$ cat data.txt   # compact mmCIF, C-alpha atoms
# COMPACT_ATOMS: atom_id res chain seq x y z
CA MET A 1 -108.61 -73.29 -225.19
CA ALA A 2 -110.19 -69.96 -226.13
CA LEU A 3 -113.96 -70.14 -226.64
CA PRO A 4 -115.60 -66.70 -226.45
CA GLY A 5 -119.02 -66.60 -224.84
CA GLU A 6 -120.98 -65.33 -227.83
CA TRP A 7 -123.58 -66.62 -230.26
CA ILE A 8 -122.08 -67.52 -233.62
CA GLY A 9 -124.18 -67.89 -236.77
CA ILE A 10 -123.01 -70.35 -239.41
CA ASP A 11 -123.85 -70.09 -243.11
CA ILE A 12 -124.72 -73.74 -243.77
CA ILE A 13 -124.79 -73.54 -247.56
CA GLY A 14 -121.52 -71.60 -247.64
CA THR A 15 -119.96 -74.16 -245.30
CA GLN A 16 -121.08 -77.04 -247.48
CA LEU A 17 -119.93 -75.38 -250.70
CA GLY A 18 -116.54 -74.32 -249.37
CA GLY A 19 -115.70 -77.34 -247.26
CA GLU A 20 -114.92 -75.17 -244.22
CA VAL A 21 -116.98 -73.40 -241.58
CA PHE A 22 -118.31 -70.13 -242.99
CA VAL A 23 -119.33 -67.62 -240.33
CA HIS A 24 -122.45 -65.59 -241.09
CA SER A 25 -122.39 -63.51 -237.91
CA PHE A 26 -120.89 -63.31 -234.45
CA ALA A 27 -122.12 -61.53 -231.32
CA GLY A 28 -124.92 -59.96 -233.33
CA GLU A 29 -122.62 -58.47 -235.96
CA ARG A 30 -121.86 -59.22 -239.62
CA VAL A 31 -118.89 -61.46 -240.40
CA ALA A 32 -119.39 -63.21 -243.78
CA ARG A 33 -115.97 -64.90 -243.71
CA PRO A 34 -114.56 -68.42 -243.24
CA LEU A 35 -113.81 -69.16 -239.59
CA ALA A 36 -110.17 -69.95 -240.36
CA ARG A 37 -109.66 -66.39 -241.61
CA VAL A 38 -111.30 -64.59 -238.70
CA ARG A 39 -110.84 -66.87 -235.68
CA GLN A 40 -108.29 -64.65 -233.95
CA LYS A 41 -110.38 -61.54 -234.50
CA LEU A 42 -113.39 -63.32 -233.01
CA GLY A 43 -111.40 -64.55 -230.02
CA TYR A 44 -110.81 -68.22 -230.86
CA ASP A 45 -107.44 -69.92 -230.67
CA HIS A 46 -106.53 -72.87 -232.89
CA LYS A 47 -108.00 -75.39 -230.45
CA GLY A 48 -111.20 -73.38 -230.18
CA GLU A 49 -111.49 -73.29 -233.96
CA GLN A 50 -111.12 -77.06 -234.07
CA VAL A 51 -113.87 -77.51 -231.48
CA VAL A 52 -116.29 -75.25 -233.37
CA THR A 53 -115.49 -77.01 -236.64
CA ALA A 54 -116.07 -80.44 -235.10
CA ILE A 55 -119.37 -79.42 -233.52
CA VAL A 56 -120.68 -77.82 -236.72
CA ALA A 57 -119.68 -80.88 -238.74
CA ALA A 58 -121.43 -83.20 -236.29
CA LYS A 59 -124.64 -81.16 -236.33
CA LEU A 60 -124.75 -80.93 -240.11
CA GLU A 61 -124.14 -84.67 -240.42
CA GLY A 62 -126.81 -85.47 -237.84
CA ARG A 63 -124.41 -87.04 -235.36
CA GLU A 64 -124.89 -86.87 -231.61
CA LEU A 65 -122.53 -84.58 -229.74
CA PRO A 66 -120.61 -86.29 -226.93
CA ALA A 67 -120.80 -84.60 -223.53
CA ILE A 68 -117.53 -82.85 -222.71
CA PRO A 69 -117.02 -81.61 -219.14
CA GLY A 70 -116.80 -77.83 -219.03
CA LEU A 71 -118.11 -77.36 -222.57
CA HIS A 72 -121.61 -75.96 -223.07
CA VAL A 73 -123.18 -76.31 -226.49
CA GLU A 74 -126.57 -75.08 -227.70
CA THR A 75 -127.60 -74.99 -231.35
CA HIS A 76 -130.60 -73.64 -233.22
CA GLN A 77 -131.05 -74.43 -236.90
CA ILE A 78 -132.88 -72.16 -239.35
CA ASP A 79 -134.34 -73.98 -242.36
CA GLY A 80 -135.94 -72.53 -245.45
CA SER A 81 -139.64 -73.10 -246.06
CA ASP A 82 -138.71 -75.88 -248.50
CA GLY A 83 -136.66 -77.66 -245.82
CA THR A 84 -133.25 -76.48 -247.01
CA PRO A 85 -130.87 -75.93 -244.05
CA ILE A 86 -129.75 -72.29 -244.14
CA GLY A 87 -128.29 -71.24 -240.79
CA LEU A 88 -126.94 -72.88 -237.65
CA ILE A 89 -126.87 -70.60 -234.62
CA CYS A 90 -124.49 -71.88 -231.94
CA TRP A 91 -123.40 -71.19 -228.40
CA ILE A 92 -120.11 -73.00 -227.86
CA ALA A 93 -118.40 -71.83 -224.69
CA ASN A 94 -117.18 -72.75 -221.23
CA THR A 95 -120.39 -71.45 -219.65
CA PRO A 96 -124.10 -71.74 -220.45
CA PRO A 97 -125.53 -68.87 -222.53
CA THR A 98 -125.21 -65.57 -220.71
CA LYS A 99 -126.63 -63.46 -223.56
CA ASP A 100 -129.89 -63.54 -225.47
CA ARG A 101 -129.69 -65.22 -228.83
CA PRO A 102 -130.15 -62.74 -231.70
CA THR A 103 -133.29 -63.08 -233.80
CA TYR A 104 -132.72 -64.90 -237.09
CA ASN A 105 -135.06 -65.50 -240.01
CA GLY A 106 -134.52 -67.66 -243.05
CA TRP A 107 -136.02 -66.95 -246.43
CA VAL A 108 -136.30 -68.38 -249.93
CA LEU A 109 -136.60 -66.16 -253.01
CA ASP A 110 -137.69 -67.65 -256.33
CA MET A 111 -136.00 -65.48 -258.95
CA ALA A 112 -138.45 -66.47 -261.69
CA ALA A 113 -141.67 -65.76 -259.79
CA MET A 114 -140.02 -63.03 -257.65
CA THR A 115 -141.71 -64.40 -254.54
CA THR A 116 -140.34 -64.89 -251.05
CA ARG A 117 -141.20 -67.26 -248.22
CA THR A 118 -139.99 -66.48 -244.72
CA SER A 119 -139.28 -68.85 -241.84
CA GLY A 120 -137.33 -68.77 -238.59
CA ASP A 121 -137.68 -66.90 -235.32
CA ASP A 122 -140.10 -64.12 -236.29
CA PRO A 123 -141.50 -63.87 -239.85
CA SER A 124 -143.86 -61.13 -238.63
CA LEU A 125 -140.92 -58.70 -238.61
CA ILE A 126 -141.62 -57.94 -242.27
CA GLY A 127 -144.81 -56.20 -241.18
CA ASP A 128 -147.07 -57.36 -244.03
CA GLY A 129 -148.99 -59.93 -242.02
CA ARG A 130 -147.29 -62.92 -243.61
CA GLU A 131 -147.37 -66.34 -241.98
CA ALA A 132 -144.31 -68.58 -241.77
CA GLY A 133 -143.74 -70.20 -245.16
CA GLU A 134 -146.39 -68.09 -246.91
CA GLU A 135 -145.47 -67.12 -250.46
CA ARG A 136 -145.58 -63.38 -251.11
CA HIS A 137 -144.41 -61.25 -254.03
CA VAL A 138 -141.16 -59.47 -253.32
CA GLN A 139 -142.89 -56.07 -253.34
CA PHE A 140 -144.57 -56.96 -250.04
CA LEU A 141 -141.16 -57.56 -248.49
CA PHE A 142 -140.33 -53.90 -249.05
CA THR A 143 -143.58 -52.26 -248.00
CA PHE A 144 -141.90 -50.62 -245.02
CA LEU A 145 -138.32 -50.59 -246.33
CA CYS A 146 -136.08 -47.56 -245.94
CA PRO A 147 -135.96 -46.38 -249.58
CA GLU A 148 -132.21 -45.74 -249.51
CA ASP A 149 -131.66 -49.46 -248.87
CA ALA A 150 -133.47 -50.37 -252.07
CA TRP A 151 -130.50 -49.39 -254.27
CA GLY A 152 -128.44 -52.21 -252.79
CA MET A 153 -131.38 -54.58 -253.02
CA CYS A 154 -131.77 -53.86 -256.74
CA GLY A 155 -128.09 -54.56 -257.26
CA GLY A 156 -128.50 -57.82 -255.36
CA TYR A 157 -131.34 -58.89 -257.64
CA TYR A 158 -129.19 -58.13 -260.67
CA ASP A 159 -126.38 -60.25 -259.23
CA ALA A 160 -128.79 -63.10 -258.54
CA LEU A 161 -130.07 -63.00 -262.12
CA THR A 162 -126.58 -63.08 -263.61
CA GLY A 163 -124.27 -64.70 -261.03
CA ASP A 164 -122.91 -68.21 -260.66
CA ASP A 165 -124.12 -70.94 -258.33
CA GLY A 166 -122.99 -70.35 -254.75
CA LEU A 167 -122.63 -66.57 -255.11
CA LEU A 168 -122.79 -64.73 -251.77
CA ILE A 169 -124.92 -61.57 -251.71
CA ASP A 170 -125.46 -59.45 -248.60
CA SER A 171 -126.94 -56.15 -247.52
CA TYR A 172 -127.99 -54.04 -244.55
CA TRP A 173 -131.61 -52.95 -244.51
CA SER A 174 -134.13 -51.36 -242.19
CA LEU A 175 -137.90 -51.56 -241.86
CA ARG A 176 -140.25 -49.17 -240.15
CA THR A 177 -143.49 -50.97 -239.41
CA ALA A 178 -143.74 -48.79 -236.28
CA ASP A 179 -141.37 -46.71 -234.19
CA PRO A 180 -138.53 -47.41 -233.79
CA TRP A 181 -136.86 -48.78 -236.92
CA THR A 182 -135.97 -52.49 -237.10
CA HIS A 183 -132.44 -52.88 -238.44
CA MET A 184 -131.26 -56.07 -240.11
CA TRP A 185 -128.41 -57.61 -242.01
CA SER A 186 -128.96 -60.39 -244.53
CA SER A 187 -126.73 -62.63 -246.54
CA CYS A 188 -127.89 -65.18 -249.07
CA ARG A 189 -126.57 -67.85 -251.38
CA LEU A 190 -127.58 -68.22 -254.99
CA ARG A 191 -128.37 -71.76 -256.09
CA VAL A 192 -128.69 -72.47 -259.80
CA SER A 193 -130.25 -75.80 -260.77
CA ASP A 194 -129.22 -77.94 -263.72
CA GLU A 195 -132.29 -76.59 -265.52
CA GLY A 196 -131.21 -73.00 -264.83
CA ALA A 197 -133.73 -72.19 -262.11
CA ARG A 198 -132.37 -69.55 -259.74
CA THR A 199 -133.18 -69.48 -256.03
CA LEU A 200 -131.79 -67.38 -253.20
CA TYR A 201 -131.50 -68.87 -249.72
CA GLY A 202 -131.03 -66.13 -247.15
CA LEU A 203 -130.34 -65.72 -243.46
CA THR A 204 -131.36 -62.45 -241.81
CA MET A 205 -130.21 -61.25 -238.39
CA VAL A 206 -131.86 -58.45 -236.43
CA LEU A 207 -129.30 -55.85 -235.31
CA LYS A 208 -129.31 -54.02 -231.99
CA GLU A 209 -128.25 -50.91 -233.85
CA ARG A 210 -127.14 -49.87 -237.31
CA LYS A 211 -124.16 -47.59 -237.47
CA ASP A 212 -124.39 -44.47 -239.64
CA PHE A 213 -128.03 -45.19 -240.43
CA GLU A 214 -129.80 -42.40 -242.26
CA SER A 215 -133.18 -42.15 -243.87
CA ASN A 216 -133.08 -38.67 -245.34
CA ILE A 217 -135.43 -39.36 -248.22
CA THR A 218 -138.06 -40.75 -245.85
CA SER A 219 -138.05 -37.51 -243.89
CA LEU A 220 -137.99 -35.41 -247.05
CA VAL A 221 -140.98 -37.14 -248.57
CA ARG A 222 -142.94 -37.11 -245.33
CA PHE A 223 -142.51 -33.37 -244.82
CA THR A 224 -143.31 -32.40 -248.40
CA LYS A 225 -146.56 -34.40 -248.24
CA ALA A 226 -145.60 -36.23 -251.40
CA THR A 227 -145.40 -39.97 -252.03
CA MET A 228 -142.34 -41.72 -253.40
CA LEU A 229 -142.61 -44.93 -255.38
CA LEU A 230 -139.40 -46.86 -255.97
CA VAL A 231 -139.43 -49.24 -258.94
CA GLU A 232 -136.86 -51.59 -260.43
CA LYS A 233 -137.17 -50.57 -264.07
CA LYS A 234 -136.01 -53.66 -265.92
CA ASN A 235 -138.51 -56.05 -264.36
CA ARG A 236 -141.09 -53.40 -263.40
CA ILE A 237 -141.00 -54.51 -259.77
CA PRO A 238 -142.37 -52.02 -257.23
CA LEU A 239 -140.02 -52.02 -254.26
CA THR A 240 -141.40 -49.60 -251.72
CA THR A 241 -143.50 -46.50 -251.15
CA VAL A 242 -143.20 -43.82 -248.50
CA GLY A 243 -145.09 -40.63 -247.84
CA ARG A 244 -148.65 -39.35 -247.91
CA LEU A 245 -150.30 -42.30 -249.69
CA ALA A 246 -147.98 -45.05 -248.47
CA PRO A 247 -148.35 -47.90 -248.62
CA LEU A 248 -149.98 -47.51 -252.02
CA GLY A 249 -151.13 -51.10 -252.31
CA GLU A 250 -150.96 -53.40 -255.29
CA ALA A 251 -153.93 -51.93 -257.19
CA ARG A 252 -152.76 -48.32 -256.98
CA ILE A 253 -149.18 -49.24 -257.86
CA SER A 254 -150.45 -51.08 -260.94
CA GLN A 255 -152.35 -47.94 -261.99
CA VAL A 256 -149.18 -45.87 -261.77
CA LEU A 257 -147.02 -48.37 -263.65
CA GLU A 258 -149.58 -48.63 -266.45
CA GLN A 259 -149.36 -44.87 -267.04
CA VAL A 260 -145.76 -43.95 -266.32
CA ASP A 261 -143.06 -44.29 -268.98
CA LEU A 262 -140.33 -45.87 -266.87
CA ASP A 263 -137.82 -45.82 -269.72
CA HIS A 264 -138.31 -42.06 -270.04
CA LEU A 265 -138.18 -41.38 -266.33
CA GLY A 266 -135.22 -43.68 -265.85
CA SER A 267 -133.12 -42.43 -268.74
CA PRO A 268 -129.79 -40.88 -267.67
CA ASP A 269 -130.51 -38.09 -270.19
CA SER A 270 -133.93 -37.23 -268.84
CA GLY A 271 -132.70 -35.14 -265.91
CA ASP A 272 -134.59 -34.30 -262.76
CA GLY A 273 -138.08 -32.91 -262.85
CA VAL A 274 -139.32 -34.87 -265.86
CA GLU A 275 -143.07 -34.95 -265.28
CA GLN A 276 -145.98 -37.05 -266.48
CA ALA A 277 -149.63 -36.70 -265.58
CA VAL A 278 -151.22 -39.78 -264.02
CA THR A 279 -154.46 -40.59 -262.23
CA ILE A 280 -154.91 -42.83 -259.21
CA ASP A 281 -158.47 -43.90 -258.45
CA GLY A 282 -159.61 -41.00 -260.63
CA GLN A 283 -157.57 -38.39 -258.77
CA PRO A 284 -154.98 -36.45 -260.82
CA PHE A 285 -151.31 -36.61 -259.85
CA THR A 286 -148.03 -35.50 -261.31
CA ALA A 287 -145.34 -38.17 -261.49
CA THR A 288 -141.81 -36.81 -261.56
CA LYS A 289 -138.45 -38.53 -261.51
CA PHE A 290 -136.32 -37.99 -258.42
CA ALA A 291 -132.59 -38.71 -258.63
CA LEU A 292 -131.04 -40.24 -255.53
CA HIS A 293 -127.40 -41.29 -255.07
CA SER A 294 -126.84 -41.43 -258.85
CA ALA A 295 -129.12 -44.41 -259.15
CA GLN A 296 -128.63 -44.64 -262.92
CA GLU A 297 -124.98 -45.52 -262.40
CA LYS A 298 -125.83 -48.57 -260.30
CA HIS A 299 -126.77 -51.93 -261.73
CA GLY A 300 -130.33 -52.98 -261.08
CA ASP A 301 -131.57 -49.67 -262.51
CA PRO A 302 -133.97 -48.48 -259.81
CA VAL A 303 -136.21 -45.52 -260.59
CA ALA A 304 -137.63 -43.20 -257.94
CA ILE A 305 -140.96 -41.55 -258.79
CA ILE A 306 -142.45 -38.76 -256.72
CA LEU A 307 -146.24 -38.56 -256.88
CA LEU A 308 -147.58 -35.07 -256.26
CA THR A 309 -151.19 -33.98 -256.04
CA GLU A 310 -151.99 -31.16 -258.45
CA ASP A 311 -152.11 -28.54 -255.69
CA THR A 312 -148.74 -29.68 -254.33
CA ALA A 313 -147.17 -29.77 -257.79
CA ALA A 314 -148.32 -26.23 -258.49
CA ALA A 315 -146.97 -24.87 -255.21

$ encode --input "data.txt" --output "structure tokens"
Amino acid sequence: MALPGEWIGIDIIGTQLGGEVFVHSFAGERVARPLARVRQKLGYDHKGEQVVTAIVAAKLEGRELPAIPGLHVETHQIDGSDGTPIGLICWIANTPPTKDRPTYNGWVLDMAAMTTRTSGDDPSLIGDGREAGEERHVQFLFTFLCPEDAWGMCGGYYDALTGDDGLLIDSYWSLRTADPWTHMWSSCRLRVSDEGARTLYGLTMVLKERKDFESNITSLVRFTKATMLLVEKKNRIPLTTVGRLAPLGEARISQVLEQVDLDHLGSPDSGDGVEQAVTIDGQPFTATKFALHSAQEKHGDPVAIILLTEDTAAA
């Protein structure tokens, strides 16, 4: 029986919806596939798959696991702040755990209020001082987000607002609350109630490394002494800020959004360098659109705004 000595993360909602074990992650890496489709790639034979399936079923049904000589089982369940089971992290092998369990957080996102609540191993990873289960607006989630990751996040929000119950949405993302970066991968399931309420239940895993990670815009903005504000135009949701004034804070962001014509800045016909004068706490700035990765062609419609002080804008 082949049972690889690795931690395996199970998507509980996906497993319940599909009627078969759905693997979230394995050995600290993204999977997002049913176990039956990836068992050989992960190192399980048919018997090993059966054992994992039986153990997951027993845990989700609340049944005791019988002791089997030579089989070592450890499980760690991640629930949402509302008590919804989200992830089951398992060690199922012929030896006790020989590797550290990856860090996993669960989260719940209310698509009407656009608020998140984080639970799990380390909610402090977000870097905004949140406590476990504390409700925060989604903008706080992205205070330290790599701006380039926000395009995918905007698309994910669009999918969650328009998709069907059970939809799987996932993305890689990185936060920089301090050096070095913290890299993560998240997947979530959309649940749509009979009344139409939309909620995302997500499971986030911290990565040891993120391949091909780049944060060019972060470096660009830092060295030009400007500040970039990334906004999802349709719902006027501020996603993240980087640069000289970052983080701007809720009050300053509100000042910018009250003055900037997002429809004008976000129009595909407006071109780069479209400028508007704004003031923040009485100080004059120039707000100019900054195109990045053809953002207008992506659903979610994110808009990047560069805030320049008057002396910088004139340079």

$ atom_distance --input "data.txt" --atom1 "atom CA of A:Thr98" --atom2 "atom CA of A:Asp212"
28.4 Å

$ residues_around --input "data.txt" --residues "stretch 69-82 of chain A" --least-positions-apart "4" --cutoff "9 Å" --atoms "all atoms listed in the file" --output "VMD selection string"
chain A and resid 55 59 65 86 to 97 104 to 108 117 to 121 132 to 134 201 to 203

$ closest_residue --input "data.txt" --among "A:Ile305, A:Phe144, A:Tyr44, A:Pro284" --to "A:Asp179" --atoms "all atoms listed in the file"
A:Phe144

$ closest_residue --input "data.txt" --among "A:Ile306, A:Leu167, A:Val278, A:Leu3" --to "A:Glu49" --atoms "all atoms listed in the file"
A:Leu3

$ residues_around --input "data.txt" --residues "A:Pro180" --least-positions-apart "5" --cutoff "12 Å" --atoms "all atoms listed in the file" --output "ChimeraX atom specification"
/A:174-175,208-209

$ residues_around --input "data.txt" --residues "A:Gln50" --least-positions-apart "6" --cutoff "12 Å" --atoms "all atoms listed in the file" --output "PDB file with C-alpha atoms, in the coordinates of the input"
ATOM      1  CA  MET A   1    -108.610 -73.290-225.190  1.00  0.00           C
ATOM      2  CA  ALA A   2    -110.190 -69.960-226.130  1.00  0.00           C
ATOM      3  CA  LEU A   3    -113.960 -70.140-226.640  1.00  0.00           C
ATOM      4  CA  GLU A  20    -114.920 -75.170-244.220  1.00  0.00           C
ATOM      5  CA  VAL A  21    -116.980 -73.400-241.580  1.00  0.00           C
ATOM      6  CA  LEU A  35    -113.810 -69.160-239.590  1.00  0.00           C
ATOM      7  CA  ALA A  36    -110.170 -69.950-240.360  1.00  0.00           C
ATOM      8  CA  ARG A  39    -110.840 -66.870-235.680  1.00  0.00           C
ATOM      9  CA  TYR A  44    -110.810 -68.220-230.860  1.00  0.00           C
ATOM     10  CA  VAL A  56    -120.680 -77.820-236.720  1.00  0.00           C
ATOM     11  CA  ALA A  57    -119.680 -80.880-238.740  1.00  0.00           C
ATOM     12  CA  ILE A  92    -120.110 -73.000-227.860  1.00  0.00           C
TER      13      ILE A  92
END

$ atom_distance --input "data.txt" --atom1 "atom CA of A:Leu190" --atom2 "atom CA of A:Leu168"
6.7 Å

$ residues_around --input "data.txt" --residues "A:Leu207" --least-positions-apart "2" --cutoff "9 Å" --atoms "all atoms listed in the file" --output "ChimeraX atom specification"
/A:28-29,102-103,182-185,205,209-210

$ write_last_selection --input "data.txt" --atoms "C-alpha atoms" --output "CSV table (one decimal), keeping the file's coordinate frame"
chain,number,residue,atom,x,y,z
A,28,GLY,CA,-124.9,-60.0,-233.3
A,29,GLU,CA,-122.6,-58.5,-236.0
A,102,PRO,CA,-130.2,-62.7,-231.7
A,103,THR,CA,-133.3,-63.1,-233.8
A,182,THR,CA,-136.0,-52.5,-237.1
A,183,HIS,CA,-132.4,-52.9,-238.4
A,184,MET,CA,-131.3,-56.1,-240.1
A,185,TRP,CA,-128.4,-57.6,-242.0
A,205,MET,CA,-130.2,-61.2,-238.4
A,209,GLU,CA,-128.2,-50.9,-233.8
A,210,ARG,CA,-127.1,-49.9,-237.3

$ atom_distance --input "data.txt" --atom1 "atom CA of A:Thr288" --atom2 "atom CA of A:Glu214"
23.4 Å

$ residues_around --input "data.txt" --residues "A:Leu248" --least-positions-apart "5" --cutoff "10 Å" --atoms "all atoms listed in the file" --output "PyMOL selection string"
chain A and resi 143+227-229+240-243+253-254+256+280

$ write_last_selection --input "data.txt" --atoms "C-alpha atoms" --output "compact mmCIF listing (two decimals), keeping the file's coordinate frame"
# COMPACT_ATOMS: atom_id res chain seq x y z
CA THR A 143 -143.58 -52.26 -248.00
CA THR A 227 -145.40 -39.97 -252.03
CA MET A 228 -142.34 -41.72 -253.40
CA LEU A 229 -142.61 -44.93 -255.38
CA THR A 240 -141.40 -49.60 -251.72
CA THR A 241 -143.50 -46.50 -251.15
CA VAL A 242 -143.20 -43.82 -248.50
CA GLY A 243 -145.09 -40.63 -247.84
CA ILE A 253 -149.18 -49.24 -257.86
CA SER A 254 -150.45 -51.08 -260.94
CA VAL A 256 -149.18 -45.87 -261.77
CA ILE A 280 -154.91 -42.83 -259.21

$ closest_residue --input "data.txt" --among "A:Ala67, A:Val303, A:Ala54, A:Ala277" --to "A:Leu230" --atoms "all atoms listed in the file"
A:Val303

$ closest_residue --input "data.txt" --among "A:Ala32, A:Glu275, A:Gly43, A:Glu250" --to "A:Asp170" --atoms "all atoms listed in the file"
A:Ala32

$ closest_residue --input "data.txt" --among "A:Asp45, A:Leu125, A:Thr286, A:Asp194" --to "A:Leu307" --atoms "all atoms listed in the file"
A:Thr286

$ axis_aligned_box --input "data.txt" --around "stretch 37-52 of chain A" --padding-each-side "3 Å" --output "lines of an AutoDock Vina configuration file"
center_x = -111.4
center_y = -69.5
center_z = -235.8
size_x = 15.8
size_y = 22.0
size_z = 17.6
